[in-house]
Amino acid sequence: MAFRPFYTDSKVFRYQSGVLRSELGYWKKNVIGGSMTMKKHLVSDANLRQPSGGFYDALALWPDLAAVTDLIHHRLDISFYYDLASFLGLSPKGLFVLLSVPAVVQRRWSKAGQLTVGEGDYAYRQALVIRDALALFEGDKKGTVLWLTQANRALNGFPPGRLLSTFVGIDTVTKLIWKIENGVSL
């Protein structure tokens with residue numbers, strides 16, 4: 001089904017709302033409370049691989065938008081997601097579950113070894129939000145993962161991590177983190 005704005009056709013809105021409700025049910029059943037709980041994807045500190053220096057360098061580029069754009073246009077390596085998983089204290093599979101990355105996309109990435117420019121843009125923005133969420137919890141990786149995977153009243157019951165698969169969701173979670181940090185009423 002091609003995307004159409006919800007306000008132009010009420011049937012599409014109802015259909016899309018049903019999809020969102022069913023996805024939220026799947027998320028609650030399978031990721032939060034079911035067989036794929038994030039707890040099993042947490043990696044102990046002893047087994048945790050440290051992110052590469054290049055990962056931290058990439059995150060540090062954020063204030064320089066030209067450098068970030070150049071980095072993304074030169075195509076990020078798939079190891080960026082592995083570093084992001086380590087940064088958050090998750091296994092790569094756990095990060096892909098959190099970010100709702102389909103298995104077919106994971107296989108394509110493993111074959112290609114690189115992300116497309118659009119995927120690299122998503123990955124970079126997701127990393128920035130996860131960095132901000134980790135800072136919100138003062139480096140507590142388990143607390144951050146718990147916050148990212150639990151339903152949030154400020155997000156109409158959606159877990160913040162579920163929203164990180166779209167630019168709109170990334171922006172929404174970024175704004176929520178800012179509001180929490182600055183004491184703005186939700």
# chains A, B, ... in the order shown; residues from 1 in each chain; ligands from 1
call {"tool": "residues_around", "arguments": {"residues": "segment 122-127 of chain A", "least_positions_apart": "6", "cutoff": "9 Å", "atoms": "only C-alpha atoms", "output": "list in words"}}
result
Ala58, Leu59, Val68, Ile72, Leu76, Phe80, Tyr81, Leu84, Leu99, Leu115, Leu164, Ser165, Thr166, Phe167 and Ile170 of chain A
call {"tool": "closest_residue", "arguments": {"among": "A:Asn156, A:Thr69, A:Ser185, A:Thr174", "to": "Gly118 of chain A", "atoms": "only C-alpha atoms"}}
result
A:Thr69
call {"tool": "residues_around", "arguments": {"residues": "segment 48-52 of chain A", "least_positions_apart": "5", "cutoff": "10 Å", "atoms": "only C-alpha atoms", "output": "PyMOL selection string"}}
result
chain A and resi 42-43+57+79-91
call {"tool": "atom_distance", "arguments": {"atom1": "atom CA of Gly113 of chain A", "atom2": "atom CA of Gly94 of chain A"}}
result
19.2 Å
call {"tool": "closest_residue", "arguments": {"among": "A:Trp109, A:Asp132, A:Ser100, A:Asp121", "to": "Pro159 of chain A", "atoms": "only C-alpha atoms"}}
result
A:Ser100
call {"tool": "select_by_dssp", "arguments": {"residues": "segment 59-159 of chain A", "states": "alpha helix (DSSP H)", "output": "PyMOL selection string"}}
result
chain A and resi 59-60+65-73+79-88+92-98+103-112+117-136+141-149
